[in-house]
Each structure stands twice: as C-alpha cells, then as structure tokens.
Amino acid sequence: MLSYRHGFHAGNHADVLKHLIQILLLDYLQKKDKPLLYIDTHAGAGCYPLASGFAAKNREYQSGISRLQHTGNRRNLPAALRRYLSVVDASCDAETEASYPGSPLIALQLLRPQDRAELFELHPADCDALQKRAYRHAKIHLADGFAGLKALLPPTPRRALVLIDPPYENKADYQTLERSLREALKRFANGVYALWYPLLPSGESRGLEERLIAIAPDNYLSATLQVSAPKGERGMYGSGMFVVNPPWTLRGELEECLPLLAQWLGDNGEGHFTLRGEQR
Ligand SMILES: C[S@@+](CC[C@H](N)C(=O)[O-])C[C@H]1O[C@@H](n2cnc3c(N)ncnc32)[C@H](O)[C@@H]1O
C-alpha cells in the first residue's frame, strides 16, 4: 500500500536541494541543441498548493523554500539560486493559489520542443493530478518507475537525465535503488543520473552514499545538506543528492550555494553540508 504523499513535504529543505540540482542539470544538458530525454521514476503529483491540502498540515515549506524566498535582495544571491527561485516562481503559475512545483512540472517547464519526458507515478491520485497538469512532451505512466526505467534504457535520443526519487517508505527501496543504478549504467553508461535519499539516524540510509560511490567511483558528485543534528533513532535530519556523470560546472555552482543553504535552512545554527566527487 502506498501511504507516502509528497504533498506533506512539498517545498521543504529536501525539495530545495533536489530541485536546485535538477534545474542545474537540465540547464547544462540543454546547452546543446540535441534532443534530451527526461525520465522521472517517482514523479509525484506535479504541483502542491501550500496554504491548503497536505502541505498546510506541517508547513514544511516554511523552513524550506519560504526561507529562501524571504532572504532579501535576490540580486545578491549566486546565479544558481536565482535561477532555482525563478523556475520555482514560474512553474506553478497556472495555479489559483500559492503552490510549490514538483520535479515533473519543473522539468516540463524547461523542456524544449525537441525534448521529451517519461514520468512514472504509482499512486493513482497523484498520477491523476499529474495527468491534469502535465502537458506537451510528457508520457505519464501509472507504473513502477524502477521497472519503467529499465525498459527505457538505452534511450532514444541517447542524451538523458534520470531523476530517481523514491519515498523510501519501504526499506526495499534502498536496495532497489542501488540495483537500478547498477543495471542502468550497464545499459546506458553515459546517462546523467540524479538520485535523492534521506539522511536518517539509523537504518538503510546510513552508508548509502558510500555504496553509491562504489557503483560509480570514477564520475560522480555527491552533495548532502543537513539541517539539524541527528536526534534519536528516527527523523530525517537532511538529505543527499548523488549525481552520476555530473556536468563539470555543477561542483562550482554547488560550492557557492550549499554554504548559504546550510546557513538559511539549518535550524539553530546546525546546518551543514558536504560535497565530494570524482570527475573524469
Ligand atoms: C518523493 S515522492 C516524488 C517527488 C517528486 N520527485 C518531486 O520531486 O516533486 C515519491 C513518489 O513516488 C511514488 N512511488 C512510490 N513507489 C513508486 C514506484 N515504485 N514507482 C513509481 N512511483 C512510486 C509515490 O507515490 C510518491 O508520489
């Protein structure tokens, strides 16, 4: 049974890290005119109203995107953060109330006429919501994104960004993530893969970064953003994005943004980031 609903977490610190990197990757890959395929294995509903519905319950966005939106003069921000904020502002502009975009809507806003998207979402209600919002270039599947990814690789065209963003409600997601990345790299070694994961004090997420590095040791960039110190046995205290075949520009952009995100999104001065990688 699927009980995870991304709406409860829309616009939180994890979304900020994930979507900032997603946008930087898309921007880089679109520097060439050649067609690009965007694959989102766990797409969610696409857009989340903030003042009503799930997001209004815990208001996680208030310690995420809202803090960035209220940092004062945007002109003083690094270009990458300005870009992120402008894409977020524009992505849900058809909505009648203040909303935060999910990864598929962000991608669809940026895709060009020559690009395509394959979006997978297993929750019928979220898939339905996505169907209503998604438009040109998008094929939406009410299906398992891990299996869907395997079936699409190697893709046509041969340039692709794959976002893998499971809910990790089920511990098996960790192993499936690792197996999927291994298989995907065998089928399509040149793809750009971006994997999100939570930082939790116990369980399978511990050591995941090392296990992912072991799968792609020669060409990766790994960023984590911690917003508080780990407390007790449970509770997400941050998250990580692991990128395989990252553009060479990404490290410099994140070196500028991550210290600011740690400062603004960290609670009580507990914000912290890490950035490590190997690039050919
Ligand atoms: C973390 S959310 C996705 C958020 C989205 N990527 C974003 O950034 O806006 C994970 C989503 O995956 C869906 N899901 C869970 N298991 C799935 C599977 N095996 N295949 C596809 N979607 C799945 C959940 O219903 C949920 O909407």
# chains A, B, ... in the order shown; residues from 1 in each chain; ligands from 1
>>> closest_atom_pairs(of="chain A", to="ligand 1", cutoff="8 Å", atoms="only C-alpha atoms and all ligand atoms", output="JSON lines")
{"residue": "A:Leu2", "atom": "CA", "partner": "ligand 1", "partner_atom_place_in_ligand_line": "25 (O)", "distance": 6.2}
{"residue": "A:Ser3", "atom": "CA", "partner": "ligand 1", "partner_atom_place_in_ligand_line": "25 (O)", "distance": 7.5}
{"residue": "A:Tyr4", "atom": "CA", "partner": "ligand 1", "partner_atom_place_in_ligand_line": "25 (O)", "distance": 5.9}
{"residue": "A:Arg5", "atom": "CA", "partner": "ligand 1", "partner_atom_place_in_ligand_line": "27 (O)", "distance": 5.6}
{"residue": "A:His6", "atom": "CA", "partner": "ligand 1", "partner_atom_place_in_ligand_line": "2 (S)", "distance": 4.9}
{"residue": "A:Ala10", "atom": "CA", "partner": "ligand 1", "partner_atom_place_in_ligand_line": "9 (O)", "distance": 7.3}
{"residue": "A:Asp15", "atom": "CA", "partner": "ligand 1", "partner_atom_place_in_ligand_line": "8 (O)", "distance": 6.1}
{"residue": "A:Lys18", "atom": "CA", "partner": "ligand 1", "partner_atom_place_in_ligand_line": "8 (O)", "distance": 6.9}
{"residue": "A:His19", "atom": "CA", "partner": "ligand 1", "partner_atom_place_in_ligand_line": "8 (O)", "distance": 6.8}
{"residue": "A:Asp40", "atom": "CA", "partner": "ligand 1", "partner_atom_place_in_ligand_line": "6 (N)", "distance": 6.8}
{"residue": "A:Thr41", "atom": "CA", "partner": "ligand 1", "partner_atom_place_in_ligand_line": "21 (C)", "distance": 5.6}
{"residue": "A:His42", "atom": "CA", "partner": "ligand 1", "partner_atom_place_in_ligand_line": "12 (O)", "distance": 3.9}
{"residue": "A:Ala43", "atom": "CA", "partner": "ligand 1", "partner_atom_place_in_ligand_line": "6 (N)", "distance": 4.3}
{"residue": "A:Gly44", "atom": "CA", "partner": "ligand 1", "partner_atom_place_in_ligand_line": "27 (O)", "distance": 3.5}
{"residue": "A:Ala45", "atom": "CA", "partner": "ligand 1", "partner_atom_place_in_ligand_line": "27 (O)", "distance": 6.4}
{"residue": "A:Gly46", "atom": "CA", "partner": "ligand 1", "partner_atom_place_in_ligand_line": "9 (O)", "distance": 6.0}
{"residue": "A:Cys47", "atom": "CA", "partner": "ligand 1", "partner_atom_place_in_ligand_line": "9 (O)", "distance": 7.5}
{"residue": "A:Pro101", "atom": "CA", "partner": "ligand 1", "partner_atom_place_in_ligand_line": "9 (O)", "distance": 6.6}
{"residue": "A:Gly102", "atom": "CA", "partner": "ligand 1", "partner_atom_place_in_ligand_line": "9 (O)", "distance": 3.1}
{"residue": "A:Ser103", "atom": "CA", "partner": "ligand 1", "partner_atom_place_in_ligand_line": "9 (O)", "distance": 4.0}
{"residue": "A:Pro104", "atom": "CA", "partner": "ligand 1", "partner_atom_place_in_ligand_line": "9 (O)", "distance": 6.5}
{"residue": "A:Leu105", "atom": "CA", "partner": "ligand 1", "partner_atom_place_in_ligand_line": "9 (O)", "distance": 8.0}
{"residue": "A:Phe120", "atom": "CA", "partner": "ligand 1", "partner_atom_place_in_ligand_line": "21 (C)", "distance": 5.0}
{"residue": "A:Glu121", "atom": "CA", "partner": "ligand 1", "partner_atom_place_in_ligand_line": "22 (N)", "distance": 3.8}
{"residue": "A:Leu122", "atom": "CA", "partner": "ligand 1", "partner_atom_place_in_ligand_line": "22 (N)", "distance": 4.1}
{"residue": "A:His123", "atom": "CA", "partner": "ligand 1", "partner_atom_place_in_ligand_line": "25 (O)", "distance": 4.4}
{"residue": "A:Asp126", "atom": "CA", "partner": "ligand 1", "partner_atom_place_in_ligand_line": "27 (O)", "distance": 6.2}
{"residue": "A:Cys127", "atom": "CA", "partner": "ligand 1", "partner_atom_place_in_ligand_line": "27 (O)", "distance": 8.0}
{"residue": "A:Leu142", "atom": "CA", "partner": "ligand 1", "partner_atom_place_in_ligand_line": "21 (C)", "distance": 7.4}
{"residue": "A:Ala143", "atom": "CA", "partner": "ligand 1", "partner_atom_place_in_ligand_line": "21 (C)", "distance": 5.8}
{"residue": "A:Asp144", "atom": "CA", "partner": "ligand 1", "partner_atom_place_in_ligand_line": "20 (N)", "distance": 3.4}
{"residue": "A:Gly145", "atom": "CA", "partner": "ligand 1", "partner_atom_place_in_ligand_line": "20 (N)", "distance": 3.8}
{"residue": "A:Phe146", "atom": "CA", "partner": "ligand 1", "partner_atom_place_in_ligand_line": "19 (N)", "distance": 6.1}
{"residue": "A:Ala147", "atom": "CA", "partner": "ligand 1", "partner_atom_place_in_ligand_line": "19 (N)", "distance": 7.9}
{"residue": "A:Leu163", "atom": "CA", "partner": "ligand 1", "partner_atom_place_in_ligand_line": "6 (N)", "distance": 7.4}
{"residue": "A:Ile164", "atom": "CA", "partner": "ligand 1", "partner_atom_place_in_ligand_line": "6 (N)", "distance": 7.3}
{"residue": "A:Asp165", "atom": "CA", "partner": "ligand 1", "partner_atom_place_in_ligand_line": "6 (N)", "distance": 5.2}
{"residue": "A:Pro166", "atom": "CA", "partner": "ligand 1", "partner_atom_place_in_ligand_line": "10 (C)", "distance": 4.7}
{"residue": "A:Pro167", "atom": "CA", "partner": "ligand 1", "partner_atom_place_in_ligand_line": "10 (C)", "distance": 4.5}
>>> write_last_selection(atoms="C-alpha atoms", output="PDB file, in the first residue's frame")
ATOM      1  CA  LEU A   2       1.249   3.479  -0.830  1.00  0.00           C
ATOM      2  CA  SER A   3       0.802   5.823   2.095  1.00  0.00           C
ATOM      3  CA  TYR A   4       3.522   8.348   1.223  1.00  0.00           C
ATOM      4  CA  ARG A   5       2.136  11.585  -0.233  1.00  0.00           C
ATOM      5  CA  HIS A   6       4.718  14.098  -1.311  1.00  0.00           C
ATOM      6  CA  ALA A  10       6.425  19.974  -0.652  1.00  0.00           C
ATOM      7  CA  ASP A  15      12.966  19.579  -2.203  1.00  0.00           C
ATOM      8  CA  LYS A  18      16.848  18.182  -5.102  1.00  0.00           C
ATOM      9  CA  HIS A  19      15.205  20.737  -7.367  1.00  0.00           C
ATOM     10  CA  ASP A  40      11.352  10.831 -13.585  1.00  0.00           C
ATOM     11  CA  THR A  41      10.957   7.402 -11.947  1.00  0.00           C
ATOM     12  CA  HIS A  42       8.962   8.708  -8.946  1.00  0.00           C
ATOM     13  CA  ALA A  43       7.207  11.818 -10.209  1.00  0.00           C
ATOM     14  CA  GLY A  44       4.579  12.696  -7.595  1.00  0.00           C
ATOM     15  CA  ALA A  45       1.597  14.961  -8.282  1.00  0.00           C
ATOM     16  CA  GLY A  46       3.496  17.733 -10.060  1.00  0.00           C
ATOM     17  CA  CYS A  47       2.321  20.777  -8.103  1.00  0.00           C
ATOM     18  CA  PRO A 101       6.230  22.652  -8.105  1.00  0.00           C
ATOM     19  CA  GLY A 102       7.270  19.025  -8.123  1.00  0.00           C
ATOM     20  CA  SER A 103      10.111  17.659 -10.225  1.00  0.00           C
ATOM     21  CA  PRO A 104       7.973  16.791 -13.304  1.00  0.00           C
ATOM     22  CA  LEU A 105       6.464  20.267 -13.572  1.00  0.00           C
ATOM     23  CA  PHE A 120       6.284   7.323 -13.591  1.00  0.00           C
ATOM     24  CA  GLU A 121       3.982   7.586 -10.582  1.00  0.00           C
ATOM     25  CA  LEU A 122       2.406   4.659  -8.769  1.00  0.00           C
ATOM     26  CA  HIS A 123      -0.149   6.433  -6.571  1.00  0.00           C
ATOM     27  CA  ASP A 126      -1.052  11.671  -7.626  1.00  0.00           C
ATOM     28  CA  CYS A 127      -0.790  10.181 -11.112  1.00  0.00           C
ATOM     29  CA  LEU A 142       0.798   4.736 -13.659  1.00  0.00           C
ATOM     30  CA  ALA A 143       3.540   2.186 -13.132  1.00  0.00           C
ATOM     31  CA  ASP A 144       6.629   1.206 -11.167  1.00  0.00           C
ATOM     32  CA  GLY A 145       9.379   3.660 -12.032  1.00  0.00           C
ATOM     33  CA  PHE A 146      12.258   1.268 -11.356  1.00  0.00           C
ATOM     34  CA  ALA A 147      10.893  -1.257 -13.873  1.00  0.00           C
ATOM     35  CA  LEU A 163      15.797  11.545 -11.607  1.00  0.00           C
ATOM     36  CA  ILE A 164      15.306   8.699  -9.117  1.00  0.00           C
ATOM     37  CA  ASP A 165      13.434   9.946  -6.057  1.00  0.00           C
ATOM     38  CA  PRO A 166      11.728   7.090  -4.203  1.00  0.00           C
ATOM     39  CA  PRO A 167       9.803   7.621  -0.936  1.00  0.00           C
TER      40      PRO A 167
END
>>> residues_around(residues="segment 261-274 of chain A", least_positions_apart="2", cutoff="10 Å", atoms="only C-alpha atoms", output="ChimeraX atom specification")
/A:12-14,16-17,62-68,71,81,222-230,237-240,254-259,276
>>> closest_residue(among="A:Ala214, A:Ile106, A:Leu221, A:Leu181", to="Ala134 of chain A", atoms="only C-alpha atoms")
A:Ile106
>>> closest_residue(among="A:Pro246, A:Phe54, A:Pro201, A:Tyr84", to="Leu110 of chain A", atoms="only C-alpha atoms")
A:Tyr84
>>> atom_distance(atom1="atom CA of Tyr220 of chain A", atom2="atom CA of Gly277 of chain A")
5.3 Å
>>> select_by_dssp(residues="segment 75-214 of chain A", states="alpha helix (DSSP H)", output="PyMOL selection string")
chain A and resi 79-91+103-110+124-133+145-152+172-187+208-214
>>> atom_distance(atom1="atom CA of Tyr168 of chain A", atom2="atom CA of Tyr197 of chain A")
8.0 Å
>>> residues_around(residues="Glu278 of chain A", least_positions_apart="3", cutoff="12 Å", atoms="only C-alpha atoms", output="number ranges by chain")
A: 213-214, 216-222, 242-248, 251, 275
>>> closest_residue(among="A:Ala125, A:Ala56, A:Ile23, A:Glu253", to="Val88 of chain A", atoms="only C-alpha atoms")
A:Ile23
>>> decode(residues="segment 135-150 of chain A", atoms="N, CA and C atoms", output="PDB file, in the first residue's frame")
ATOM      1  N   TYR A 135       1.757  18.504 -19.638  1.00  0.00           N
ATOM      2  CA  TYR A 135       1.307  18.809 -20.986  1.00  0.00           C
ATOM      3  C   TYR A 135       2.340  18.319 -21.988  1.00  0.00           C
ATOM      4  N   ARG A 136       2.631  19.126 -22.971  1.00  0.00           N
ATOM      5  CA  ARG A 136       3.470  18.723 -24.089  1.00  0.00           C
ATOM      6  C   ARG A 136       4.673  17.878 -23.660  1.00  0.00           C
ATOM      7  N   HIS A 137       5.105  17.074 -24.535  1.00  0.00           N
ATOM      8  CA  HIS A 137       6.308  16.241 -24.439  1.00  0.00           C
ATOM      9  C   HIS A 137       6.248  15.149 -23.377  1.00  0.00           C
ATOM     10  N   ALA A 138       5.138  15.008 -22.631  1.00  0.00           N
ATOM     11  CA  ALA A 138       5.206  14.100 -21.483  1.00  0.00           C
ATOM     12  C   ALA A 138       4.380  12.834 -21.697  1.00  0.00           C
ATOM     13  N   LYS A 139       5.005  11.701 -21.389  1.00  0.00           N
ATOM     14  CA  LYS A 139       4.272  10.443 -21.352  1.00  0.00           C
ATOM     15  C   LYS A 139       4.187  10.064 -19.885  1.00  0.00           C
ATOM     16  N   ILE A 140       2.973   9.861 -19.385  1.00  0.00           N
ATOM     17  CA  ILE A 140       2.801   9.607 -17.950  1.00  0.00           C
ATOM     18  C   ILE A 140       2.364   8.158 -17.750  1.00  0.00           C
ATOM     19  N   HIS A 141       3.040   7.476 -16.851  1.00  0.00           N
ATOM     20  CA  HIS A 141       2.765   6.057 -16.629  1.00  0.00           C
ATOM     21  C   HIS A 141       2.318   5.842 -15.183  1.00  0.00           C
ATOM     22  N   LEU A 142       1.195   5.202 -14.995  1.00  0.00           N
ATOM     23  CA  LEU A 142       0.798   4.736 -13.659  1.00  0.00           C
ATOM     24  C   LEU A 142       1.474   3.378 -13.487  1.00  0.00           C
ATOM     25  N   ALA A 143       2.742   3.420 -13.098  1.00  0.00           N
ATOM     26  CA  ALA A 143       3.540   2.186 -13.132  1.00  0.00           C
ATOM     27  C   ALA A 143       4.771   2.339 -12.253  1.00  0.00           C
ATOM     28  N   ASP A 144       5.406   1.217 -11.971  1.00  0.00           N
ATOM     29  CA  ASP A 144       6.629   1.206 -11.167  1.00  0.00           C
ATOM     30  C   ASP A 144       7.777   1.863 -11.941  1.00  0.00           C
ATOM     31  N   GLY A 145       8.338   2.901 -11.342  1.00  0.00           N
ATOM     32  CA  GLY A 145       9.379   3.660 -12.032  1.00  0.00           C
ATOM     33  C   GLY A 145      10.701   2.916 -12.168  1.00  0.00           C
ATOM     34  N   PHE A 146      10.999   2.019 -11.239  1.00  0.00           N
ATOM     35  CA  PHE A 146      12.258   1.268 -11.356  1.00  0.00           C
ATOM     36  C   PHE A 146      12.196   0.345 -12.582  1.00  0.00           C
ATOM     37  N   ALA A 147      11.058  -0.361 -12.718  1.00  0.00           N
ATOM     38  CA  ALA A 147      10.893  -1.257 -13.873  1.00  0.00           C
ATOM     39  C   ALA A 147      10.794  -0.426 -15.157  1.00  0.00           C
ATOM     40  N   GLY A 148      10.111   0.710 -15.052  1.00  0.00           N
ATOM     41  CA  GLY A 148       9.939   1.568 -16.232  1.00  0.00           C
ATOM     42  C   GLY A 148      11.277   2.075 -16.743  1.00  0.00           C
ATOM     43  N   LEU A 149      12.158   2.428 -15.810  1.00  0.00           N
ATOM     44  CA  LEU A 149      13.479   2.928 -16.211  1.00  0.00           C
ATOM     45  C   LEU A 149      14.232   1.848 -16.985  1.00  0.00           C
ATOM     46  N   LYS A 150      14.216   0.663 -16.429  1.00  0.00           N
ATOM     47  CA  LYS A 150      14.945  -0.438 -17.071  1.00  0.00           C
ATOM     48  C   LYS A 150      14.455  -0.633 -18.512  1.00  0.00           C
TER      49      LYS A 150
END
